[in-house]
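*Asks:* Input structure: final.txt, which contains compact mmCIF, C-alpha atoms.
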# COMPACT_ATOMS: atom_id res chain seq x y z
CA MET A 196 148.48 74.85 111.84
CA ILE A 197 145.33 76.87 111.69
CA ASP A 198 142.94 77.57 114.55
CA LEU A 199 139.66 78.62 113.09
CA SER A 200 137.11 80.14 115.47
CA LEU A 201 133.47 80.20 114.57
CA GLN A 202 131.23 82.80 116.10
CA LYS A 203 127.68 82.06 117.06
CA ILE A 204 125.13 84.39 115.50
CA THR A 205 121.52 84.42 116.61
CA ILE A 206 119.07 86.10 114.26
CA SER A 207 115.61 86.88 115.60
CA THR A 208 113.07 88.12 113.09
CA SER A 209 109.46 89.07 113.66
CA VAL A 210 107.46 87.23 111.05
CA GLY A 211 103.95 87.71 112.41
CA ILE A 212 101.41 89.70 110.42
CA PHE A 213 98.99 90.67 113.16
CA TYR A 214 101.35 90.55 116.10
CA PRO A 215 105.15 90.30 116.22
CA GLN A 216 106.00 86.63 116.30
CA ILE A 217 109.68 86.02 116.79
CA GLU A 218 111.43 83.42 114.71
CA THR A 219 114.93 82.61 115.89
CA PHE A 220 117.63 81.22 113.69
CA GLU A 221 121.14 80.32 114.69
CA THR A 222 124.09 80.29 112.39
CA MET A 223 127.78 80.88 112.59
CA ALA A 224 130.44 82.88 110.93
CA SER A 225 134.17 82.83 111.02
CA ALA A 226 135.46 85.04 113.76
CA THR A 227 139.19 84.54 113.85
CA ALA A 228 141.75 82.39 112.12
CA ALA A 229 145.10 81.92 113.80
CA TYR A 230 148.01 80.63 111.78
CA ASP A 231 150.94 78.99 113.39
CA THR A 232 154.02 77.47 111.85
CA TRP A 233 154.41 75.20 114.79
CA THR A 234 152.87 71.93 113.78
CA TYR A 235 151.83 68.97 115.71
CA ALA A 236 153.85 66.95 113.29
CA GLU A 237 156.99 67.90 115.21
CA GLN A 238 155.52 66.25 118.26
CA ASP A 239 154.18 63.33 116.33
CA SER A 240 155.99 60.14 117.12
CA MET A 241 155.46 58.99 113.59
CA ASN A 242 156.57 62.38 112.22
CA THR A 243 153.88 62.23 109.59
CA LEU A 244 151.59 65.21 110.15
CA ILE A 245 152.19 68.10 107.82
CA PHE A 246 149.11 70.20 108.49
CA GLN A 247 146.41 70.51 111.11
CA LEU A 248 143.16 72.45 111.19
CA MET A 249 141.24 72.89 114.43
CA ILE A 250 137.83 74.49 114.62
CA PHE A 251 136.86 76.06 117.94
CA PRO A 252 133.92 78.11 119.09
CA PHE A 253 134.48 81.78 119.77
CA ASN A 254 133.67 83.29 123.14
CA GLU A 255 132.07 86.34 121.57
CA PHE A 256 128.63 86.10 120.16
CA THR A 257 126.36 88.32 118.14
CA SER A 258 122.62 88.68 118.49
CA ILE A 259 120.61 90.36 115.76
CA ASN A 260 117.02 91.32 116.45
CA ARG A 261 115.02 92.40 113.45
CA LYS A 262 111.51 93.65 113.89
CA TYR A 263 109.13 94.50 111.09
CA GLN A 264 105.96 96.51 111.33
CA SER A 265 102.97 94.41 112.27
CA LEU A 266 99.33 94.95 111.51
CA SER A 267 98.53 95.88 115.09
CA GLU A 268 101.14 98.65 114.99
CA LEU A 269 99.89 99.84 111.64
CA VAL A 270 96.30 99.99 112.90
CA ALA A 271 97.48 101.87 115.97
CA GLN A 272 99.21 104.45 113.80
CA LEU A 273 96.22 104.73 111.51
CA GLY A 274 94.00 105.18 114.54
CA GLY A 275 95.79 108.37 115.49
CA ILE A 276 95.39 109.82 112.01
CA LEU A 277 91.80 108.71 111.67
CA HIS A 278 90.93 110.17 115.02
CA ILE A 279 91.92 113.61 113.77
CA LEU A 280 89.92 113.08 110.58
CA VAL A 281 86.88 112.01 112.54
CA MET A 282 87.12 115.12 114.68
CA ILE A 283 87.26 117.32 111.59
CA GLY A 284 84.35 115.42 110.07
CA ALA A 285 82.33 115.75 113.25
CA VAL A 286 82.67 119.53 113.20
CA ILE A 287 81.57 119.68 109.56
CA VAL A 288 78.60 117.38 110.13
CA LYS A 289 77.54 119.27 113.22
CA LEU A 290 77.46 122.55 111.35
CA GLU A 291 75.54 120.97 108.50
CA LEU A 292 72.99 119.42 110.85
CA ARG A 293 72.54 122.70 112.63
CA TYR A 294 71.79 124.43 109.35
CA LYS A 295 69.36 121.71 108.24
CA ARG A 296 67.61 121.73 111.59
CA THR A 297 67.13 125.47 111.36
CA ILE A 298 65.60 125.13 107.91
CA TYR A 299 63.39 122.27 109.03
CA PHE A 300 61.90 124.07 112.01
CA SER A 301 61.47 127.24 110.01
CA GLU A 302 59.33 125.42 107.49
CA LYS A 303 57.37 123.72 110.22
CA LEU A 304 56.63 126.86 112.18
CA TYR A 305 55.98 129.26 109.34
CA ILE A 306 54.44 129.06 105.91
CA PHE A 307 56.14 131.19 103.42
CA GLU A 308 54.09 132.51 100.55
CA GLN A 309 54.93 130.92 97.28
CA PRO A 310 54.28 132.29 93.80
CA LYS A 311 50.59 131.93 93.03
CA LYS A 312 49.30 129.90 90.18
CA LYS A 313 46.39 131.60 88.48
CA ARG A 314 43.82 130.31 86.17
CA GLU A 315 43.91 131.68 82.70
CA ASP A 316 40.15 132.06 82.33
CA GLY A 317 37.36 132.84 84.63
CA PRO A 318 37.53 134.05 88.16
CA SER A 319 40.68 133.39 89.98
CA LEU A 320 40.68 130.38 92.20
CA THR A 321 44.06 130.45 93.72
CA TYR A 322 45.76 128.03 95.88
CA MET A 323 49.03 127.81 97.55
CA THR A 324 51.34 124.94 97.39
CA ASN A 325 53.86 124.26 100.00
CA SER A 326 55.31 120.91 100.46
CA ASN A 327 53.66 118.93 103.20
CA VAL A 328 51.96 122.00 104.54
CA ILE A 329 48.26 122.14 105.04
CA GLN A 330 46.78 125.26 103.62
CA LEU A 331 43.43 126.41 104.76
CA THR A 332 41.27 128.94 103.09
CA LYS A 333 38.54 130.80 104.75
CA ILE A 334 35.15 131.26 103.24
CA PRO A 335 33.56 134.49 104.38
CA SER A 336 30.16 134.02 105.80
CA ASN A 337 28.63 136.68 103.55
CA SER A 338 30.13 135.36 100.30
CA LYS A 339 27.72 134.68 97.51
CA ILE A 340 28.34 132.05 94.95
CA THR A 341 27.17 133.57 91.71
CA GLN A 342 28.19 133.23 88.14
CA ASN A 343 29.75 136.63 88.10
CA ASN A 344 31.19 136.51 91.50
CA LEU A 345 32.79 133.21 92.27
CA ASN A 346 35.59 134.61 94.22
CA ILE A 347 34.52 132.68 97.24
CA VAL A 348 37.91 131.45 98.09
CA LYS A 349 40.04 133.84 99.91
CA ASP A 350 43.61 132.95 100.44
CA GLU A 351 44.96 133.37 103.80
CA VAL A 352 48.19 132.24 105.20
CA ILE A 353 47.91 131.23 108.77
CA PRO A 354 50.22 129.61 111.20
CA LYS A 355 49.79 125.89 111.37
CA THR A 356 49.41 125.99 115.09
CA SER A 357 46.26 128.09 114.91
CA VAL A 358 44.17 125.83 112.76
CA ASN A 359 40.53 126.06 113.68
CA LYS A 360 38.31 123.58 112.00
CA GLU A 361 35.17 125.58 112.63
CA GLU A 362 36.54 128.70 111.13
CA TYR A 363 38.21 127.26 108.07
CA LYS A 364 35.89 125.29 106.00
CA ILE A 365 37.74 124.08 103.03
CA ARG A 366 40.78 122.09 103.36
CA MET A 367 43.03 122.18 100.38
CA SER A 368 45.17 119.24 99.68
CA PRO A 369 46.20 117.53 96.47
CA ILE A 370 42.50 116.61 96.15
CA ILE A 371 39.88 118.99 97.40
CA LYS A 372 36.51 117.64 98.05
CA ARG A 373 33.74 120.12 98.32
CA LYS A 374 30.04 119.85 98.68
CA ILE A 375 28.50 122.43 96.48
CA LEU A 376 24.92 121.48 95.98
CA ASP A 377 22.77 119.36 98.17
CA ASP A 378 24.33 115.91 98.29
CA GLU A 379 26.32 116.20 95.14
CA GLU A 380 30.07 116.14 95.36
CA VAL A 381 32.56 117.86 93.21
CA ASP A 382 36.18 116.82 93.19
CA ILE A 383 38.74 119.40 92.40
CA ASN A 384 42.22 118.27 91.81
CA LEU A 385 44.59 121.08 92.40
CA GLU A 386 47.24 119.38 90.43
CA ASN A 387 45.01 119.44 87.41
CA LEU A 388 43.02 122.59 87.67
CA GLU A 389 42.07 122.75 84.09
CA ASN A 390 38.52 123.85 84.49
CA PRO A 391 36.95 122.92 87.76
CA LEU A 392 34.60 125.85 87.94
CA PRO A 393 32.21 125.23 85.06
CA ASN A 394 30.68 122.31 86.91
CA ILE A 395 30.02 124.56 89.80
CA ILE A 396 28.46 127.16 87.54
CA LYS A 397 26.17 124.63 85.93
CA ARG A 398 24.85 123.53 89.22
CA GLU A 399 24.32 127.10 90.25
CA GLU A 400 22.33 127.81 87.12
CA SER A 401 20.07 124.87 87.77
CA SER A 402 19.00 126.38 91.05
CA LYS A 403 18.91 130.12 90.76
CA ASN A 404 16.95 131.28 93.67
CA GLU A 405 18.58 133.03 96.50
CA LYS A 406 17.20 130.72 99.07
CA ASN A 407 18.91 127.73 97.61
CA LEU A 408 22.13 129.61 97.46
CA ASN A 409 21.90 130.43 101.13
CA THR A 410 21.19 126.79 101.77
CA LYS A 411 24.26 125.80 99.82
CA LYS A 412 26.34 128.25 101.67
CA SER A 413 25.07 126.97 104.94
CA VAL A 414 25.96 123.49 103.86
CA ILE A 415 29.42 124.60 103.10
CA ASP A 416 29.64 126.44 106.36
CA ASN A 417 28.74 123.27 108.18
CA MET A 418 31.49 121.28 106.63
CA MET B 1432 84.49 111.47 104.60
CA THR B 1433 84.12 107.72 104.78
CA LEU B 1434 85.67 107.34 101.37
CA ILE B 1435 88.58 109.52 102.36
CA ILE B 1436 89.18 107.44 105.44
CA LEU B 1437 88.97 104.20 103.47
CA ALA B 1438 91.35 105.58 100.86
CA LEU B 1439 93.84 106.53 103.54
CA ILE B 1440 93.58 103.12 105.13
CA ALA B 1441 94.12 101.43 101.78
CA TYR B 1442 97.09 103.66 101.03
CA PHE B 1443 98.75 103.01 104.35
CA LEU B 1444 98.04 99.31 104.11
CA PHE B 1445 99.42 98.72 100.65
CA ASP B 1446 102.27 101.17 100.99
CA SER B 1447 103.27 100.22 104.47
CA ASP B 1448 106.56 98.75 105.61
CA MET B 1449 104.60 95.78 106.85
CA VAL B 1450 103.49 94.72 103.36
CA GLN B 1451 106.72 95.59 101.63
CA LYS B 1452 108.85 94.13 104.38
CA ILE B 1453 111.27 97.01 104.48
CA ASN B 1454 112.80 99.26 107.11
CA PRO B 1455 113.00 96.82 109.97
CA ASN B 1456 114.05 97.93 113.39
CA THR B 1457 117.34 96.12 113.68
CA ILE B 1458 119.26 95.79 116.90
CA ILE B 1459 122.66 94.15 116.74
CA GLN B 1460 124.17 93.18 120.05
CA SER B 1461 127.57 91.73 120.62
CA GLY B 1462 128.73 90.16 123.80
CA ALA B 1463 131.30 87.88 125.23
CA SER B 1464 131.02 85.01 127.63
CA THR B 1465 133.65 83.77 130.03
CA ARG B 1466 133.35 80.32 128.56
CA ARG B 1467 133.04 79.54 124.91
CA PRO B 1468 129.46 78.55 124.24
CA PRO B 1469 128.66 75.29 122.46
CA LEU B 1470 128.24 75.50 118.74
CA TYR B 1471 126.40 72.92 116.74
CA PHE B 1472 126.81 72.27 113.06
CA ASN B 1473 126.29 69.57 110.52
CA GLU B 1474 126.77 69.05 106.81
CA LYS B 1475 123.58 71.04 106.10
CA ASN B 1476 124.49 74.29 107.77
CA PHE B 1477 128.21 74.15 107.46
CA THR B 1478 130.30 73.25 104.46
CA LEU B 1479 133.90 72.20 104.81
CA VAL B 1480 135.99 71.09 101.88
CA PHE B 1481 139.56 69.99 102.38
CA GLY B 1482 142.25 68.64 100.12
CA LEU B 1483 145.62 68.92 98.46
CA THR B 1484 145.86 70.72 95.16
CA ASP B 1485 148.52 71.17 92.58
CA TYR B 1486 149.63 74.45 91.08
CA ASN B 1487 146.54 74.51 88.83
CA ASN B 1488 144.13 74.05 91.75
CA ASN B 1489 143.30 70.50 90.87
CA PHE B 1490 142.67 68.37 93.93
CA GLN B 1491 144.94 65.38 94.28
CA ARG B 1492 144.14 62.09 95.91
CA ASP B 1493 146.68 59.38 96.49
CA ASP B 1494 146.40 57.28 99.63
CA SER B 1495 149.88 55.95 99.11
CA ILE B 1496 151.35 59.42 99.56
CA PHE B 1497 149.24 61.31 102.11
CA PHE B 1498 146.14 60.90 104.26
CA ILE B 1499 143.48 63.21 105.52
CA GLN B 1500 141.71 62.63 108.82
CA PHE B 1501 138.59 64.27 110.18
CA TYR B 1502 138.16 63.87 113.87
CA ILE B 1503 136.56 65.18 117.05
CA PHE B 1504 138.73 65.82 120.04
CA GLN B 1505 137.08 65.86 123.43
CA GLU B 1506 138.65 66.55 126.77
CA ASP B 1507 137.15 67.12 130.20
CA GLN B 1508 137.98 66.52 133.86
CA THR B 1509 137.53 62.79 133.54
CA ASN B 1510 139.95 62.13 130.71
CA MET B 1511 142.30 65.06 130.99
CA ALA B 1512 144.96 62.93 132.57
CA THR B 1513 144.92 60.54 129.66
CA GLY B 1514 145.08 63.29 127.05
CA GLY B 1515 141.43 63.27 126.01
CA ASN B 1516 139.56 61.27 123.47
CA THR B 1517 139.95 61.49 119.73
CA THR B 1518 137.19 60.15 117.52
CA PHE B 1519 138.14 59.76 113.89
CA LEU B 1520 135.49 60.25 111.29
CA PRO B 1521 135.22 58.40 107.99
CA GLN B 1522 136.65 60.00 104.91
CA VAL B 1523 134.05 61.34 102.54
CA LEU B 1524 134.90 62.39 99.04
CA CYS B 1525 133.00 65.42 97.85
CA THR B 1526 130.20 64.99 95.36
CA GLU B 1527 127.34 67.20 94.32
CA SER B 1528 125.04 65.42 96.71
CA GLU B 1529 127.43 66.04 99.59
CA LEU B 1530 127.25 69.78 99.02
CA GLU B 1531 123.63 70.15 99.96
CA ASN B 1532 123.74 73.89 100.36
CA ALA B 1533 125.23 74.62 96.97
CA PRO B 1534 125.69 71.60 94.71
CA ASN B 1535 126.68 73.81 91.81
CA GLU B 1536 129.88 74.71 93.62
CA PHE B 1537 131.18 71.23 93.04
CA THR B 1538 131.55 71.92 89.33
CA GLU B 1539 132.30 75.61 89.59
CA MET B 1540 135.17 75.09 91.97
CA ASN B 1541 136.33 71.79 90.49
CA LEU B 1542 136.09 69.90 93.78
CA THR B 1543 136.77 66.47 92.36
CA ASN B 1544 139.04 64.44 94.70
CA SER B 1545 138.42 66.82 97.57
CA TYR B 1546 137.18 65.72 100.99
CA CYS B 1547 133.95 66.92 102.54
CA LEU B 1548 132.69 67.14 106.07
CA PRO B 1549 131.34 63.73 107.03
CA LYS B 1550 127.62 63.60 107.57
CA GLY B 1551 126.58 63.95 111.16
CA SER B 1552 125.89 66.45 113.90
CA TYR B 1553 128.87 67.90 115.65
CA SER B 1554 129.29 70.20 118.58
CA ILE B 1555 132.30 72.19 119.61
CA ARG B 1556 132.80 74.01 122.89
CA GLY B 1557 135.37 75.22 125.34
CA TRP B 1558 139.02 76.06 125.09
CA TRP B 1559 142.30 74.77 126.42
CA ASP B 1560 141.94 76.64 129.70
CA GLU B 1561 138.36 75.56 130.30
CA PRO B 1562 137.25 72.47 132.18
CA GLU B 1563 135.68 71.04 129.09
CA MET B 1564 136.80 71.29 125.50
CA GLN B 1565 135.68 69.77 122.27
CA TYR B 1566 136.89 70.80 118.84
CA PHE B 1567 136.70 69.59 115.29
CA GLY B 1568 139.99 68.81 113.59
CA VAL B 1569 141.44 67.86 110.26
CA ASN B 1570 144.88 66.32 109.88
CA VAL B 1571 146.96 65.99 106.78
CA GLY B 1572 149.89 63.68 107.01
CA LYS B 1573 152.30 61.64 105.05
CA CYS B 1574 151.42 58.08 104.43
CA PHE B 1575 152.99 55.63 106.79
CA ASN B 1576 152.91 51.91 106.43
CA SER B 1577 150.55 49.99 108.65
CA THR B 1578 148.26 47.02 108.54
CA THR B 1579 145.32 49.22 107.69
CA ASN B 1580 146.83 50.23 104.37
CA ASN B 1581 148.63 46.97 103.81
CA ASN B 1582 151.95 48.79 103.83
CA SER B 1583 151.10 50.37 100.53
CA CYS B 1584 152.80 53.72 101.06
CA LYS B 1585 155.33 54.94 98.59
CA SER B 1586 158.84 55.65 99.50
CA GLN B 1587 159.71 58.70 101.53
CA GLU B 1588 161.53 60.25 98.58
CA GLU B 1589 158.53 59.87 96.33
CA ILE B 1590 156.26 61.33 98.98
CA ASP B 1591 158.48 64.33 99.56
CA GLU B 1592 158.85 64.93 95.86
CA PHE B 1593 155.09 64.82 95.45
CA LEU B 1594 154.45 67.25 98.29
CA THR B 1595 156.99 69.81 97.22
CA ASP B 1596 154.66 71.67 94.85
CA LYS B 1597 151.34 70.94 96.48
CA TRP B 1598 148.98 73.22 98.35
CA ILE B 1599 146.51 72.58 101.12
CA ASP B 1600 143.20 74.00 100.04
CA ILE B 1601 140.51 74.66 102.64
CA PHE B 1602 137.07 75.86 101.72
CA TYR B 1603 134.65 76.55 104.53
CA GLN B 1604 131.33 78.28 104.74
CA ASN B 1605 131.00 81.73 106.15
CA ASN B 1606 127.68 83.43 106.73
CA LEU B 1607 127.08 87.10 106.23
CA PHE B 1608 123.93 88.79 107.34
CA ASP B 1609 122.07 91.55 105.51
CA ALA B 1610 119.27 93.02 107.57
CA THR B 1611 117.63 94.72 104.60
CA VAL B 1612 116.72 91.43 102.99
CA ALA B 1613 113.66 90.12 104.75
CA GLN B 1614 113.42 86.64 103.31
CA MET B 1615 117.05 85.61 103.44
CA GLN B 1616 118.49 84.94 106.84
CA PHE B 1617 122.12 85.05 105.74
CA PHE B 1618 124.32 84.98 102.71
CA ARG B 1619 126.47 81.96 102.28
CA ARG B 1620 129.97 82.81 101.30
CA GLY B 1621 132.93 80.57 100.94
CA ASN B 1622 136.30 81.30 102.46
CA SER B 1623 139.47 79.57 101.48
Give the structure from the file, written as structure tokens.

*Replies:*
Amino acid sequence: MIDLSLQKITISTSVGIFYPQIETFETMASATAAYDTWTYAEQDSMNTLIFQLMIFPFNEFTSINRKYQSLSELVAQLGGILHILVMIGAVIVKLELRYKRTIYFSEKLYIFEQPKKKREDGPSLTYMTNSNVIQLTKIPSNSKITQNNLNIVKDEVIPKTSVNKEEYKIRMSPIIKRKILDDEEVDINLENLENPLPNIIKREESSKNEKNLNTKKSVIDNM
Amino acid sequence: MTLIILALIAYFLFDSDMVQKINPNTIIQSGASTRRPPLYFNEKNFTLVFGLTDYNNNFQRDDSIFFIQFYIFQEDQTNMATGGNTTFLPQVLCTESELENAPNEFTEMNLTNSYCLPKGSYSIRGWWDEPEMQYFGVNVGKCFNSTTNNNSCKSQEEIDEFLTDKWIDIFYQNNLFDATVAQMQFFRRGNS
């Protein structure tokens, strides 16, 4: 005779991806097997039984809980690592922004002299280029516009905050518009200063007297 | 910085235990109850093969010499005085279709003429000293003449001679658990 005991086994497994979702499965396994030579056949009135198998449950049980990593746990772990990375990144970005801000305000508050571009022929008509910075040149009140002395433009670097429209007559920008004679207009493109002055000289030669020159100068002064 | 963070996220995602289904936190608890808990099984989750074999492990079947009975014994307070109730189950010869869990075992183990667990759901519980008991049993006995077999049993000498070199072969399913395998709940293993 054999008494076979089956043990109950409960297996719980987390199968969820985002959150642990428990899936329970029950099975059984052999726990004990008791063999006995005493057979029921001896007690059988017919004396026919020669073997008997009895299957019982076992009073001990086993529970197996298996838990895999879920997405929520993974994100939580990543969050801790990323938080440190973000802190490091914030320090780097803050230093970079501080440096850029310093450069930005420096360029806004002050105009730094750049290398001058000179004409190859004729009197020098210089200009200064500085990105997005308005450069004003002052025309002296006693300047004379003559063929031999056309150095009427005097460079002067001034703070942007002290711009005075009355004092500075010519405003230099990518395109400079100047009134030279009477109502005529002469456009000077600083980006293409090939030979802007000959036109001015021609007009000056057409009206040579001093009075007209003073008139022109006064016109310019009134700009 | 963003790329670094994304790369780290991708690395942790695709190399994580979650995706690869490894390194589970496994807790195995064992306990005991004062009363034996009920256990349910059927032909799908439990395989039981029973029979008589000769010296070469070939199952023998001869109703005129021996019989095999599958039964359920149930005893509780109501029928304890009468010795309980025994419910006999029909005999089922093993085929490939009867071994639903592993039909290939029929050929591998040469289970022709063996008896399988009859189809149905069974529950076992309790013990002799408990108020309620129910167990699953298998009997092997010598043939005895009755009206059910039309007195077709062979003589006692022939039966004894036949049984002298025969073996009782029991094959039942045991389940082993491997926590490292995520997909498989248990490993089926036969005991005999």

*Asks:* Pull the neighbourhood of (128.6, 88.1, 120.4) for me: all residues within 8 Å in file coordinates, counting only C-alpha atoms, as a ChimeraX atom specification.

*Replies:* /A:202-204,254-258 /B:1460-1463

*Asks:* Give me the residues within 10 Å of Gln216 of chain A as a ChimeraX atom specification, counting only C-alpha atoms and dropping any in the same chain fewer than 6 places off.

*Replies:* /A:207-210,262-263,265

*Asks:* Counting only C-alpha atoms, collect the residues of chain A whose closest atom lies at most 8 Å from chain B, and write them out as number ranges by chain.

*Replies:* A: 203, 206, 212, 220, 222-225, 241, 243-266, 269, 273, 277, 280, 284

*Asks:* For a cut-off of 12 Å around (126.3, 69.7, 99.0), file coordinates, pick out all residues using all atoms listed in the file and list them as a PyMOL selection string.

*Replies:* chain B and resi 1473-1480+1523-1538+1542+1546-1550+1604

*Asks:* Those same residues - C-alpha atoms - I'd like them written as a PDB file, keeping the file's coordinate frame.

*Replies:*
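File produced: selection.pdb:
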ATOM      1  CA  ASN B1473     126.290  69.570 110.520  1.00  0.00           C
ATOM      2  CA  GLU B1474     126.770  69.050 106.810  1.00  0.00           C
ATOM      3  CA  LYS B1475     123.580  71.040 106.100  1.00  0.00           C
ATOM      4  CA  ASN B1476     124.490  74.290 107.770  1.00  0.00           C
ATOM      5  CA  PHE B1477     128.210  74.150 107.460  1.00  0.00           C
ATOM      6  CA  THR B1478     130.300  73.250 104.460  1.00  0.00           C
ATOM      7  CA  LEU B1479     133.900  72.200 104.810  1.00  0.00           C
ATOM      8  CA  VAL B1480     135.990  71.090 101.880  1.00  0.00           C
ATOM      9  CA  VAL B1523     134.050  61.340 102.540  1.00  0.00           C
ATOM     10  CA  LEU B1524     134.900  62.390  99.040  1.00  0.00           C
ATOM     11  CA  CYS B1525     133.000  65.420  97.850  1.00  0.00           C
ATOM     12  CA  THR B1526     130.200  64.990  95.360  1.00  0.00           C
ATOM     13  CA  GLU B1527     127.340  67.200  94.320  1.00  0.00           C
ATOM     14  CA  SER B1528     125.040  65.420  96.710  1.00  0.00           C
ATOM     15  CA  GLU B1529     127.430  66.040  99.590  1.00  0.00           C
ATOM     16  CA  LEU B1530     127.250  69.780  99.020  1.00  0.00           C
ATOM     17  CA  GLU B1531     123.630  70.150  99.960  1.00  0.00           C
ATOM     18  CA  ASN B1532     123.740  73.890 100.360  1.00  0.00           C
ATOM     19  CA  ALA B1533     125.230  74.620  96.970  1.00  0.00           C
ATOM     20  CA  PRO B1534     125.690  71.600  94.710  1.00  0.00           C
ATOM     21  CA  ASN B1535     126.680  73.810  91.810  1.00  0.00           C
ATOM     22  CA  GLU B1536     129.880  74.710  93.620  1.00  0.00           C
ATOM     23  CA  PHE B1537     131.180  71.230  93.040  1.00  0.00           C
ATOM     24  CA  THR B1538     131.550  71.920  89.330  1.00  0.00           C
ATOM     25  CA  LEU B1542     136.090  69.900  93.780  1.00  0.00           C
ATOM     26  CA  TYR B1546     137.180  65.720 100.990  1.00  0.00           C
ATOM     27  CA  CYS B1547     133.950  66.920 102.540  1.00  0.00           C
ATOM     28  CA  LEU B1548     132.690  67.140 106.070  1.00  0.00           C
ATOM     29  CA  PRO B1549     131.340  63.730 107.030  1.00  0.00           C
ATOM     30  CA  LYS B1550     127.620  63.600 107.570  1.00  0.00           C
ATOM     31  CA  GLN B1604     131.330  78.280 104.740  1.00  0.00           C
TER      32      GLN B1604
END

*Asks:* Quote the spacing between atom CA of Tyr1486 of chain B and atom CA of Cys1584 of chain B in Å to one decimal place.

*Replies:* 23.2 Å

*Asks:* Find the residues near Gln1508 of chain B: any atom within 8 Å, counting only C-alpha atoms, skip ones fewer than 4 places away on the same chain, and give them as number ranges by chain.

*Replies:* B: 1512, 1562-1563

*Asks:* Write the residues of the preceding selection, restricted to C-alpha atoms, as a short mmCIF file (atom, residue, chain, number, x, y, z; two decimals), keeping the file's coordinate frame.

*Replies:*
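Below is the file that was written, selection_14.cif:
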data_model
loop_
_atom_site.label_atom_id
_atom_site.label_comp_id
_atom_site.auth_asym_id
_atom_site.auth_seq_id
_atom_site.Cartn_x
_atom_site.Cartn_y
_atom_site.Cartn_z
CA ALA B 1512 144.96 62.93 132.57
CA PRO B 1562 137.25 72.47 132.18
CA GLU B 1563 135.68 71.04 129.09
#

*Asks:* Which residue gives the smallest distance to Phe1602 of chain B among B:Thr1579, B:Asn1487, B:Asn1516, B:Asn1541, with all atoms listed in the file counted?

*Replies:* B:Asn1541
